[in-house]
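Colleague: Structure file structure00.pdb, PDB, C-alpha atoms, is pasted below:
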MODEL        1
ATOM      1  CA  MET A   1     -30.975  -1.025  28.906
ATOM      2  CA  THR A   2     -30.984  -3.551  31.721
ATOM      3  CA  SER A   3     -34.740  -3.906  32.297
ATOM      4  CA  GLU A   4     -36.648  -6.848  30.876
ATOM      5  CA  PRO A   5     -38.001  -5.988  27.422
ATOM      6  CA  ILE A   6     -41.735  -5.298  27.105
ATOM      7  CA  VAL A   7     -41.670  -6.913  23.654
ATOM      8  CA  HIS A   8     -39.333  -9.888  23.304
ATOM      9  CA  VAL A   9     -39.074 -11.796  20.015
ATOM     10  CA  ARG A  10     -36.608 -14.513  19.086
ATOM     11  CA  GLY A  11     -36.586 -16.439  15.809
ATOM     12  CA  ALA A  12     -40.171 -15.518  14.882
ATOM     13  CA  ARG A  13     -41.514 -17.063  11.696
ATOM     14  CA  ARG A  14     -44.755 -16.741   9.769
ATOM     15  CA  ARG A  15     -45.791 -18.662   6.672
ATOM     16  CA  TYR A  16     -48.546 -18.372   4.100
ATOM     17  CA  GLY A  17     -48.580 -21.810   2.526
ATOM     18  CA  THR A  18     -45.085 -22.336   1.151
ATOM     19  CA  PHE A  19     -44.175 -18.623   1.335
ATOM     20  CA  GLU A  20     -42.352 -17.529   4.491
ATOM     21  CA  ALA A  21     -43.116 -13.847   5.107
ATOM     22  CA  VAL A  22     -41.259 -13.632   8.439
ATOM     23  CA  ARG A  23     -37.972 -15.508   8.513
ATOM     24  CA  GLY A  24     -36.465 -15.753  11.974
ATOM     25  CA  VAL A  25     -36.840 -12.217  13.337
ATOM     26  CA  ASP A  26     -35.303 -11.126  16.661
ATOM     27  CA  LEU A  27     -36.463  -7.895  18.305
ATOM     28  CA  ASP A  28     -36.634  -6.364  21.791
ATOM     29  CA  VAL A  29     -38.543  -3.203  22.724
ATOM     30  CA  HIS A  30     -38.042  -1.789  26.220
ATOM     31  CA  ARG A  31     -40.431   0.189  28.402
ATOM     32  CA  GLY A  32     -40.938   3.760  27.236
ATOM     33  CA  GLU A  33     -39.077   3.110  23.990
ATOM     34  CA  LEU A  34     -40.300   3.598  20.430
ATOM     35  CA  VAL A  35     -38.916   1.244  17.823
ATOM     36  CA  ALA A  36     -39.740   2.053  14.191
ATOM     37  CA  LEU A  37     -39.949  -0.836  11.756
ATOM     38  CA  LEU A  38     -39.022   0.175   8.203
ATOM     39  CA  GLY A  39     -38.999  -1.727   4.950
ATOM     40  CA  THR A  40     -40.228  -1.751   1.385
ATOM     41  CA  ASN A  41     -43.716  -2.993   0.585
ATOM     42  CA  GLY A  42     -43.626  -6.768   0.901
ATOM     43  CA  ALA A  43     -40.714  -6.811   3.347
ATOM     44  CA  GLY A  44     -42.833  -8.549   6.005
ATOM     45  CA  LYS A  45     -43.493  -5.637   8.392
ATOM     46  CA  THR A  46     -47.252  -6.077   8.783
ATOM     47  CA  SER A  47     -46.965  -9.871   8.927
ATOM     48  CA  PHE A  48     -44.448  -9.525  11.740
ATOM     49  CA  VAL A  49     -46.369  -6.880  13.669
ATOM     50  CA  GLU A  50     -49.523  -9.026  13.573
ATOM     51  CA  LEU A  51     -47.567 -11.728  15.423
ATOM     52  CA  VAL A  52     -46.568  -9.273  18.158
ATOM     53  CA  GLU A  53     -50.087  -7.824  18.351
ATOM     54  CA  GLY A  54     -51.442 -11.344  18.875
ATOM     55  CA  LEU A  55     -53.600 -11.246  15.765
ATOM     56  CA  ALA A  56     -51.922 -14.363  14.358
ATOM     57  CA  PRO A  57     -49.910 -17.271  15.785
ATOM     58  CA  SER A  58     -46.232 -17.631  14.967
ATOM     59  CA  ASP A  59     -45.042 -20.634  12.986
ATOM     60  CA  GLY A  60     -41.799 -20.785  14.941
ATOM     61  CA  GLY A  61     -39.706 -18.972  17.507
ATOM     62  CA  THR A  62     -40.735 -17.072  20.623
ATOM     63  CA  VAL A  63     -42.997 -14.006  20.815
ATOM     64  CA  ARG A  64     -43.666 -12.397  24.195
ATOM     65  CA  VAL A  65     -45.427  -9.145  25.094
ATOM     66  CA  LEU A  66     -45.514  -8.182  28.778
ATOM     67  CA  GLY A  67     -44.186 -11.672  29.474
ATOM     68  CA  HIS A  68     -47.029 -13.503  27.679
ATOM     69  CA  ASP A  69     -47.609 -15.140  24.318
ATOM     70  CA  PRO A  70     -49.800 -12.428  22.733
ATOM     71  CA  TYR A  71     -51.830 -14.943  20.710
ATOM     72  CA  ARG A  72     -52.290 -17.881  23.085
ATOM     73  CA  GLU A  73     -52.438 -15.806  26.291
ATOM     74  CA  ARG A  74     -54.218 -12.807  24.844
ATOM     75  CA  ARG A  75     -56.687 -12.424  27.721
ATOM     76  CA  GLN A  76     -53.886 -11.667  30.160
ATOM     77  CA  ILE A  77     -52.610  -8.658  28.195
ATOM     78  CA  VAL A  78     -55.341  -7.382  25.869
ATOM     79  CA  GLY A  79     -56.386  -4.663  28.325
ATOM     80  CA  SER A  80     -52.850  -3.268  28.263
ATOM     81  CA  LEU A  81     -52.579  -3.048  24.472
ATOM     82  CA  GLY A  82     -53.509  -0.334  22.016
ATOM     83  CA  ILE A  83     -53.597  -1.286  18.337
ATOM     84  CA  MET A  84     -53.939   1.015  15.350
ATOM     85  CA  LEU A  85     -54.269  -1.032  12.183
ATOM     86  CA  GLN A  86     -53.806   0.264   8.652
ATOM     87  CA  SER A  87     -57.584   0.130   8.291
ATOM     88  CA  ALA A  88     -59.811  -0.191  11.352
ATOM     89  CA  GLY A  89     -63.135  -0.767   9.562
ATOM     90  CA  PHE A  90     -65.438   1.000  12.030
ATOM     91  CA  SER A  91     -69.106   1.320  11.047
ATOM     92  CA  GLY A  92     -69.693   4.264   8.739
ATOM     93  CA  ASP A  93     -73.263   4.676  10.005
ATOM     94  CA  LEU A  94     -72.216   5.733  13.512
ATOM     95  CA  THR A  95     -71.091   9.244  14.344
ATOM     96  CA  VAL A  96     -67.631   9.955  15.700
ATOM     97  CA  ILE A  97     -68.926  10.367  19.257
ATOM     98  CA  GLU A  98     -71.060   7.199  19.017
ATOM     99  CA  THR A  99     -68.078   5.230  17.742
ATOM    100  CA  ALA A 100     -65.857   6.541  20.533
ATOM    101  CA  ARG A 101     -68.432   5.790  23.250
ATOM    102  CA  THR A 102     -69.055   2.293  21.878
ATOM    103  CA  TRP A 103     -65.323   1.608  21.840
ATOM    104  CA  ALA A 104     -64.903   2.958  25.362
ATOM    105  CA  GLY A 105     -67.543   0.485  26.521
ATOM    106  CA  THR A 106     -65.381  -2.444  25.371
ATOM    107  CA  LEU A 107     -62.377  -1.364  27.460
ATOM    108  CA  SER A 108     -61.570  -2.327  31.025
ATOM    109  CA  ARG A 109     -60.367   1.243  31.560
ATOM    110  CA  SER A 110     -60.956   4.276  29.403
ATOM    111  CA  ARG A 111     -59.871   7.885  29.252
ATOM    112  CA  PRO A 112     -62.730  10.424  28.879
ATOM    113  CA  VAL A 113     -64.085  10.379  25.329
ATOM    114  CA  ASP A 114     -64.024  14.173  24.916
ATOM    115  CA  VAL A 115     -60.391  14.304  26.068
ATOM    116  CA  VAL A 116     -59.365  11.640  23.557
ATOM    117  CA  LEU A 117     -61.184  13.302  20.668
ATOM    118  CA  ASP A 118     -59.725  16.673  21.596
ATOM    119  CA  ALA A 119     -56.212  15.210  21.493
ATOM    120  CA  VAL A 120     -56.697  14.345  17.796
ATOM    121  CA  ASN A 121     -58.680  17.498  16.953
ATOM    122  CA  LEU A 122     -62.000  15.737  16.271
ATOM    123  CA  VAL A 123     -64.274  17.374  18.855
ATOM    124  CA  HIS A 124     -65.769  19.640  16.193
ATOM    125  CA  ARG A 125     -66.575  16.526  14.107
ATOM    126  CA  ALA A 126     -68.171  14.577  16.957
ATOM    127  CA  ASP A 127     -71.652  14.466  15.379
ATOM    128  CA  VAL A 128     -70.437  13.606  11.883
ATOM    129  CA  ARG A 129     -70.932  10.067  10.609
ATOM    130  CA  VAL A 130     -67.709   8.122  10.187
ATOM    131  CA  ALA A 131     -68.520   7.517   6.513
ATOM    132  CA  SER A 132     -68.435  11.289   5.932
ATOM    133  CA  LEU A 133     -64.970  11.788   7.421
ATOM    134  CA  SER A 134     -61.975  12.419   5.204
ATOM    135  CA  GLY A 135     -59.252   9.788   5.003
ATOM    136  CA  GLY A 136     -57.050  11.805   7.346
ATOM    137  CA  GLU A 137     -59.879  12.276   9.858
ATOM    138  CA  LYS A 138     -60.519   8.533   9.874
ATOM    139  CA  ARG A 139     -56.847   7.933  10.684
ATOM    140  CA  ARG A 140     -57.072  10.418  13.558
ATOM    141  CA  LEU A 141     -60.161   8.589  14.856
ATOM    142  CA  ASP A 142     -58.263   5.291  14.623
ATOM    143  CA  LEU A 143     -55.475   6.819  16.711
ATOM    144  CA  ALA A 144     -57.931   8.186  19.261
ATOM    145  CA  LEU A 145     -59.482   4.759  19.804
ATOM    146  CA  ALA A 146     -56.089   3.013  19.914
ATOM    147  CA  THR A 147     -54.987   5.310  22.750
ATOM    148  CA  MET A 148     -58.325   5.530  24.591
ATOM    149  CA  GLY A 149     -57.466   2.738  27.008
ATOM    150  CA  ASP A 150     -54.219   4.438  28.081
ATOM    151  CA  PRO A 151     -52.285   1.399  26.795
ATOM    152  CA  GLU A 152     -49.053   0.157  28.258
ATOM    153  CA  VAL A 153     -47.995  -1.060  24.796
ATOM    154  CA  LEU A 154     -49.094   0.708  21.615
ATOM    155  CA  PHE A 155     -48.839  -0.697  18.090
ATOM    156  CA  LEU A 156     -49.064   1.864  15.289
ATOM    157  CA  ASP A 157     -49.242   0.524  11.726
ATOM    158  CA  GLU A 158     -48.713   3.415   9.272
ATOM    159  CA  PRO A 159     -50.454   5.884  11.643
ATOM    160  CA  THR A 160     -50.027   9.077   9.604
ATOM    161  CA  THR A 161     -50.786   7.816   6.100
ATOM    162  CA  GLY A 162     -53.167  10.288   4.480
ATOM    163  CA  LEU A 163     -52.588  13.053   7.026
ATOM    164  CA  ASP A 164     -51.639  16.575   6.029
ATOM    165  CA  PRO A 165     -48.288  17.859   7.387
ATOM    166  CA  GLU A 166     -49.907  19.759  10.279
ATOM    167  CA  SER A 167     -51.939  16.732  11.386
ATOM    168  CA  ARG A 168     -48.897  14.499  11.029
ATOM    169  CA  ARG A 169     -46.867  16.692  13.364
ATOM    170  CA  ALA A 170     -49.781  16.886  15.823
ATOM    171  CA  THR A 171     -49.798  13.063  15.824
ATOM    172  CA  TRP A 172     -46.064  13.043  16.514
ATOM    173  CA  ARG A 173     -46.587  15.317  19.507
ATOM    174  CA  LEU A 174     -49.314  13.014  20.823
ATOM    175  CA  VAL A 175     -47.065   9.963  20.471
ATOM    176  CA  GLN A 176     -44.169  11.803  22.137
ATOM    177  CA  GLY A 177     -46.456  12.618  25.063
ATOM    178  CA  LEU A 178     -47.365   8.950  25.419
ATOM    179  CA  LEU A 179     -43.692   7.989  25.353
ATOM    180  CA  ALA A 180     -42.914  10.537  28.055
ATOM    181  CA  ALA A 181     -45.613   8.910  30.187
ATOM    182  CA  GLY A 182     -43.948   5.492  29.802
ATOM    183  CA  THR A 183     -45.902   3.930  26.928
ATOM    184  CA  THR A 184     -43.948   1.445  24.816
ATOM    185  CA  VAL A 185     -44.486   1.818  21.059
ATOM    186  CA  LEU A 186     -43.820  -0.339  18.012
ATOM    187  CA  LEU A 187     -44.339   1.724  14.859
ATOM    188  CA  THR A 188     -44.354   0.842  11.186
ATOM    189  CA  THR A 189     -44.044   3.728   8.768
ATOM    190  CA  HIS A 190     -43.145   4.606   5.200
ATOM    191  CA  TYR A 191     -42.129   8.117   6.246
ATOM    192  CA  LEU A 192     -38.419   8.188   7.014
ATOM    193  CA  GLU A 193     -38.765  11.655   8.533
ATOM    194  CA  GLU A 194     -41.307  10.205  10.951
ATOM    195  CA  ALA A 195     -38.902   7.481  12.019
ATOM    196  CA  GLU A 196     -36.114  10.021  12.507
ATOM    197  CA  GLU A 197     -38.390  12.269  14.575
ATOM    198  CA  LEU A 198     -39.884   9.632  16.865
ATOM    199  CA  ALA A 199     -37.745   6.525  17.072
ATOM    200  CA  ASP A 200     -35.244   5.617  19.759
ATOM    201  CA  ARG A 201     -34.206   2.743  17.540
ATOM    202  CA  ILE A 202     -34.927   1.664  13.981
ATOM    203  CA  ALA A 203     -35.159  -1.859  12.601
ATOM    204  CA  ILE A 204     -35.075  -2.308   8.833
ATOM    205  CA  MET A 205     -36.764  -5.378   7.378
ATOM    206  CA  GLN A 206     -35.938  -6.914   4.047
ATOM    207  CA  ALA A 207     -37.325 -10.171   2.655
ATOM    208  CA  GLY A 208     -38.764 -11.192   6.030
ATOM    209  CA  ARG A 209     -35.637 -10.497   8.072
ATOM    210  CA  ILE A 210     -34.277  -7.573  10.073
ATOM    211  CA  VAL A 211     -31.131  -6.639   8.173
ATOM    212  CA  ARG A 212     -30.020  -3.677  10.286
ATOM    213  CA  SER A 213     -31.052  -2.107  13.584
ATOM    214  CA  GLY A 214     -29.891   0.641  15.901
ATOM    215  CA  SER A 215     -30.257   4.374  16.328
ATOM    216  CA  VAL A 216     -30.423   6.627  13.268
ATOM    217  CA  ALA A 217     -26.786   7.555  13.911
ATOM    218  CA  ASP A 218     -25.809   3.876  14.070
ATOM    219  CA  ILE A 219     -27.531   3.070  10.785
ATOM    220  CA  VAL A 220     -26.199   5.992   8.758
ATOM    221  CA  ALA A 221     -22.658   5.729  10.161
ATOM    222  CA  ALA A 222     -21.740   3.046   7.630
ATOM    223  CA  GLU A 223     -22.819   5.205   4.686
ATOM    224  CA  PRO A 224     -20.423   7.720   3.072
ATOM    225  CA  ALA A 225     -20.991  11.464   3.237
ATOM    226  CA  ARG A 226     -21.583  13.392   0.019
ATOM    227  CA  VAL A 227     -19.669  16.395  -1.298
ATOM    228  CA  GLU A 228     -20.640  18.496  -4.302
ATOM    229  CA  LEU A 229     -18.959  21.690  -5.537
ATOM    230  CA  VAL A 230     -18.025  23.702  -8.619
ATOM    231  CA  VAL A 231     -14.367  24.502  -9.310
ATOM    232  CA  ARG A 232     -13.689  28.019 -10.635
ATOM    233  CA  ASN A 233     -10.583  30.103 -11.224
ATOM    234  CA  ALA A 234      -9.933  33.539  -9.718
ATOM    235  CA  ALA A 235     -11.834  35.182 -12.585
ATOM    236  CA  GLY A 236     -14.921  33.087 -11.813
ATOM    237  CA  ARG A 237     -14.685  30.871 -14.892
ATOM    238  CA  PRO A 238     -15.314  27.129 -14.493
ATOM    239  CA  VAL A 239     -12.287  24.868 -14.282
ATOM    240  CA  VAL A 240     -12.675  21.262 -15.313
ATOM    241  CA  PRO A 241      -9.993  19.249 -13.481
ATOM    242  CA  THR A 242      -9.419  15.609 -14.226
ATOM    243  CA  VAL A 243      -9.557  13.017 -11.487
ATOM    244  CA  GLY A 244      -5.763  12.888 -11.706
ATOM    245  CA  ASP A 245      -5.560  16.618 -10.922
ATOM    246  CA  LEU A 246      -7.310  16.176  -7.590
ATOM    247  CA  PRO A 247      -5.386  15.697  -4.346
ATOM    248  CA  SER A 248      -5.226  12.348  -2.633
ATOM    249  CA  LEU A 249      -8.426  11.959  -0.605
ATOM    250  CA  GLU A 250      -8.229   9.170   1.943
ATOM    251  CA  GLY A 251     -11.915   8.523   2.440
ATOM    252  CA  VAL A 252     -13.258   8.646  -1.123
ATOM    253  CA  VAL A 253     -15.560   5.794  -2.094
ATOM    254  CA  GLY A 254     -15.572   4.963  -5.792
ATOM    255  CA  VAL A 255     -14.401   7.397  -8.474
ATOM    256  CA  PRO A 256     -15.249  11.115  -8.142
ATOM    257  CA  GLU A 257     -17.516  12.487 -10.885
ATOM    258  CA  ILE A 258     -16.634  15.698 -12.715
ATOM    259  CA  ASP A 259     -18.994  17.102 -15.336
ATOM    260  CA  ARG A 260     -18.188  19.432 -18.229
ATOM    261  CA  VAL A 261     -18.776  22.627 -16.224
ATOM    262  CA  GLY A 262     -16.435  21.592 -13.427
ATOM    263  CA  ARG A 263     -19.023  20.269 -10.952
ATOM    264  CA  LEU A 264     -17.351  17.704  -8.729
ATOM    265  CA  ARG A 265     -19.326  15.014  -6.907
ATOM    266  CA  LEU A 266     -17.786  12.506  -4.546
ATOM    267  CA  ARG A 267     -18.617  10.264  -1.603
ATOM    268  CA  THR A 268     -16.304   9.966   1.383
ATOM    269  CA  THR A 269     -16.051   8.252   4.738
ATOM    270  CA  SER A 270     -13.725  11.039   5.992
ATOM    271  CA  LEU A 271     -15.751  14.177   5.379
ATOM    272  CA  GLN A 272     -13.789  16.662   7.513
ATOM    273  CA  ASP A 273     -10.323  15.496   6.469
ATOM    274  CA  ASP A 274     -11.155  15.344   2.768
ATOM    275  CA  LEU A 275     -12.862  18.744   2.809
ATOM    276  CA  PHE A 276      -9.759  20.241   4.456
ATOM    277  CA  THR A 277      -7.552  18.654   1.793
ATOM    278  CA  LEU A 278      -9.720  20.019  -1.021
ATOM    279  CA  LEU A 279      -9.680  23.530   0.460
ATOM    280  CA  GLN A 280      -5.884  23.447   0.781
ATOM    281  CA  TRP A 281      -5.574  22.167  -2.798
ATOM    282  CA  ALA A 282      -7.814  24.973  -4.118
ATOM    283  CA  ASP A 283      -6.017  27.664  -2.117
ATOM    284  CA  ALA A 284      -2.603  26.590  -3.396
ATOM    285  CA  ARG A 285      -3.858  26.872  -6.987
ATOM    286  CA  GLN A 286      -5.874  30.078  -6.481
ATOM    287  CA  LEU A 287      -9.090  28.222  -7.243
ATOM    288  CA  ARG A 288     -12.518  28.745  -5.701
ATOM    289  CA  LEU A 289     -14.852  25.993  -4.581
ATOM    290  CA  ASP A 290     -18.306  27.415  -5.270
ATOM    291  CA  ASP A 291     -21.763  25.983  -4.499
ATOM    292  CA  LEU A 292     -20.169  23.781  -1.865
ATOM    293  CA  ASP A 293     -22.618  21.243  -0.461
ATOM    294  CA  ALA A 294     -21.166  18.761   2.052
ATOM    295  CA  ARG A 295     -23.473  16.607   4.118
ATOM    296  CA  SER A 296     -23.412  13.474   6.195
ATOM    297  CA  ALA A 297     -25.378  10.450   5.066
ATOM    298  CA  SER A 298     -29.136  10.453   5.667
ATOM    299  CA  LEU A 299     -31.464   7.682   6.771
ATOM    300  CA  GLU A 300     -32.973   7.752   3.288
ATOM    301  CA  GLN A 301     -29.555   7.202   1.731
ATOM    302  CA  ALA A 302     -28.844   4.265   4.059
ATOM    303  CA  PHE A 303     -32.293   2.783   3.468
ATOM    304  CA  LEU A 304     -32.025   2.975  -0.311
ATOM    305  CA  ALA A 305     -28.494   1.580  -0.241
ATOM    306  CA  MET A 306     -29.686  -1.462   1.698
ATOM    307  CA  ASP A 307     -32.695  -1.895  -0.564
ATOM    308  CA  GLY A 308     -30.494  -1.726  -3.660
ATOM    309  CA  ALA A 309     -28.026  -4.220  -2.217
ATOM    310  CA  GLY A 310     -30.743  -6.719  -1.388
ATOM    311  CA  SER A 311     -33.155  -6.236  -4.285
ATOM    312  CA  GLY A 312     -31.789  -9.188  -6.204
ATOM    313  CA  ALA A 313     -31.420 -11.530  -3.261
ATOM    314  CA  HIS A 314     -35.030 -12.789  -3.276
ATOM    315  CA  THR A 315     -37.594 -12.890  -6.033
ATOM    316  CA  ASP A 316     -40.638 -13.405  -3.792
ATOM    317  CA  ASP A 317     -40.780  -9.924  -2.247
ATOM    318  CA  THR A 318     -41.973  -6.594  -3.597
ATOM    319  CA  THR A 319     -39.191  -4.040  -4.028
ATOM    320  CA  GLU A 320     -41.184  -0.805  -4.178
ATOM    321  CA  VAL A 321     -39.261   1.788  -2.198
ATOM    322  CA  ALA A 322     -40.904   3.243   0.889
ATOM    323  CA  ALA A 323     -40.878   7.003   0.610
TER
ENDMDL
END
What is this structure when it is put down as structure tokens?
Modeller:
Amino acid sequence: MTSEPIVHVRGARRRYGTFEAVRGVDLDVHRGELVALLGTNGAGKTSFVELVEGLAPSDGGTVRVLGHDPYRERRQIVGSLGIMLQSAGFSGDLTVIETARTWAGTLSRSRPVDVVLDAVNLVHRADVRVASLSGGEKRRLDLALATMGDPEVLFLDEPTTGLDPESRRATWRLVQGLLAAGTTVLLTTHYLEEAEELADRIAIMQAGRIVRSGSVADIVAAEPARVELVVRNAAGRPVVPTVGDLPSLEGVVGVPEIDRVGRLRLRTTSLQDDLFTLLQWADARQLRLDDLDARSASLEQAFLAMDGAGSGAHTDDTTEVAA
């Protein structure tokens, strides 16, 4: 993209005493683009997003949103931002409609309250007190208020946590509609499927740094594909070949695994070529390759591989895997 980025970050740092939660992060987000920020708990995602939202000052580097420092020049851009925190903390004593109207009154511009509530399927709960809402309904209210001002830039911090699958997909459709209208979105999520569905680009954080970024295809390209099959003879009985019996496979990573019933598991960077070689090998020996499962790498596989590779690099970060 050649346009100036809406979010522009270079060398951003954030410290809590002697602990550095954000360690020199670079990130650009362009107009109408959704960038998903992934990472294990403790990777620094929320600490970083709070810098970009203007909720905290950076301890180093440059952070710009719509050309302004979002913390020191917040007045210039606050009317163009929508922010959905992990927990909004709205008063439980107010009803949904009262909360929405109160929030609308704080905005320089506001979409109609009934339209916003309808978009998140809360019209039928308009007269219910916020304290009586389910966890998923509260998240939908948070989203409604974050988008009420028709923001130019929208920050979504774990927006679908606690939502049922139907509500999650309805939220995705709402976000996709905003993107189509030109809204720029920075999303943090623990749902890899959500990132795959929504993101133009993904940035993976680990120990306060972005360790890989790009499209889903870019990120998974470096990971090997997986092949699993059972070897049988013409009579249907399992055949247990040794590794030495197998043909030469140019893309195999590591040593193929063969269990006692003839189930072969391998990883390869040349899926098509190695599958063709295996089929030729089986045909020449009158063998069958049953239960064949061959698939390219997934985002989950790439994410877990990076987490495993970096889990011992720092002892001051949580390594719980985002699921």
Colleague: Taking all atoms listed in the file into account, which of A:Leu249, A:Pro238, A:Thr102, A:Pro165 comes nearest Trp281 (chain A)?
Modeller: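 The shortest atom-to-atom distance to Trp281 (chain A) comes from A:Leu249.
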Colleague: Output the residue selection produced by the PyMOL selection byres ((chain A and resi 61-78) around 6) on the file above, formatted as a list in words.
Modeller: Ile6, Val7, His8, Val9, Arg10, Gly11, Ala12, Gly54, Pro57, Gly60, Gly79, Ser80 and Leu81 of chain A
Colleague: Which residues match the PyMOL selection byres ((chain A and resi 40-51) around 10) in the file above, as a ChimeraX atom specification?
Modeller: /A:9,12-16,20-23,25,37-39,52-59,63-64,69-71,83,85-86,155-158,186-190,204-210,303-304,307,316-323
Colleague: Which residues are close to Pro112 (chain A), i.e. within 10 Å by only C-alpha atoms, leaving aside same-chain residues fewer than 6 positions away? Reply as a PyMOL selection string.
Modeller: chain A and resi 100-101+104+148-149
Colleague: Once the PyMOL selection byres ((chain A and resi 197) around 10) is applied to the coordinates I shared, what remains selected? I want it as a PDB file with C-alpha atoms, keeping the file's coordinate frame.
Modeller:
ATOM      1  CA  ARG A 169     -46.867  16.692  13.364  1.00  0.00           C
ATOM      2  CA  TRP A 172     -46.064  13.043  16.514  1.00  0.00           C
ATOM      3  CA  GLN A 176     -44.169  11.803  22.137  1.00  0.00           C
ATOM      4  CA  LEU A 192     -38.419   8.188   7.014  1.00  0.00           C
ATOM      5  CA  GLU A 193     -38.765  11.655   8.533  1.00  0.00           C
ATOM      6  CA  GLU A 194     -41.307  10.205  10.951  1.00  0.00           C
ATOM      7  CA  ALA A 195     -38.902   7.481  12.019  1.00  0.00           C
ATOM      8  CA  GLU A 196     -36.114  10.021  12.507  1.00  0.00           C
ATOM      9  CA  LEU A 198     -39.884   9.632  16.865  1.00  0.00           C
ATOM     10  CA  ALA A 199     -37.745   6.525  17.072  1.00  0.00           C
ATOM     11  CA  ASP A 200     -35.244   5.617  19.759  1.00  0.00           C
ATOM     12  CA  VAL A 216     -30.423   6.627  13.268  1.00  0.00           C
TER      13      VAL A 216
END
Colleague: Skip Val113 (chain A) itself and residues of its chain fewer than 4 positions away, then list as an MDAnalysis selection string all residues within 12 Å of it, counting only C-alpha atoms.
Modeller: chainID A and resid 96:105 109 117:120 122:123 126 141 144:145 147:150
Colleague: If I take CA of Thr95 (chain A) and CA of Arg139 (chain A), how far is one from the other in Å, to one decimal?
Modeller: 14.8 Å
Colleague: Report as an MDAnalysis selection string all protein, DNA and RNA residues lying within 12 Å of Gln286 (chain A), evaluated on only C-alpha atoms, omitting residues in the same chain fewer than 3 positions from it.
Modeller: chainID A and resid 231:236 239 279:283 289
Colleague: Could you pull the residues within 8 Å of Leu292 (chain A), counting only C-alpha atoms, minus those fewer than 4 positions along the same chain, as a list in words?
Modeller: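 Selected residues are Val227, Glu228, Leu229 and Val230 of chain A.
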Colleague: For the residues in the current selection, export C-alpha atoms as a PDB file, in the coordinates of the input.
Modeller:
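So the final result, stored in result_1.pdb, reads:
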ATOM      1  CA  VAL A 227     -19.669  16.395  -1.298  1.00  0.00           C
ATOM      2  CA  GLU A 228     -20.640  18.496  -4.302  1.00  0.00           C
ATOM      3  CA  LEU A 229     -18.959  21.690  -5.537  1.00  0.00           C
ATOM      4  CA  VAL A 230     -18.025  23.702  -8.619  1.00  0.00           C
TER       5      VAL A 230
END
Colleague: Can you work out the spacing between CA of Thr160 (chain A) and CA of Arg140 (chain A) in Å, to one decimal?
Modeller: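 Going from CA of Thr160 (chain A) over to CA of Arg140 (chain A), I get 8.2 Å.
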Colleague: Residues within 6 Å of region 182-184 of chain A, please, as number ranges by chain. Count only C-alpha atoms; anything in the same chain fewer than 3 positions from it doesn't count.
Modeller: A: 31-33, 152-153, 178-179
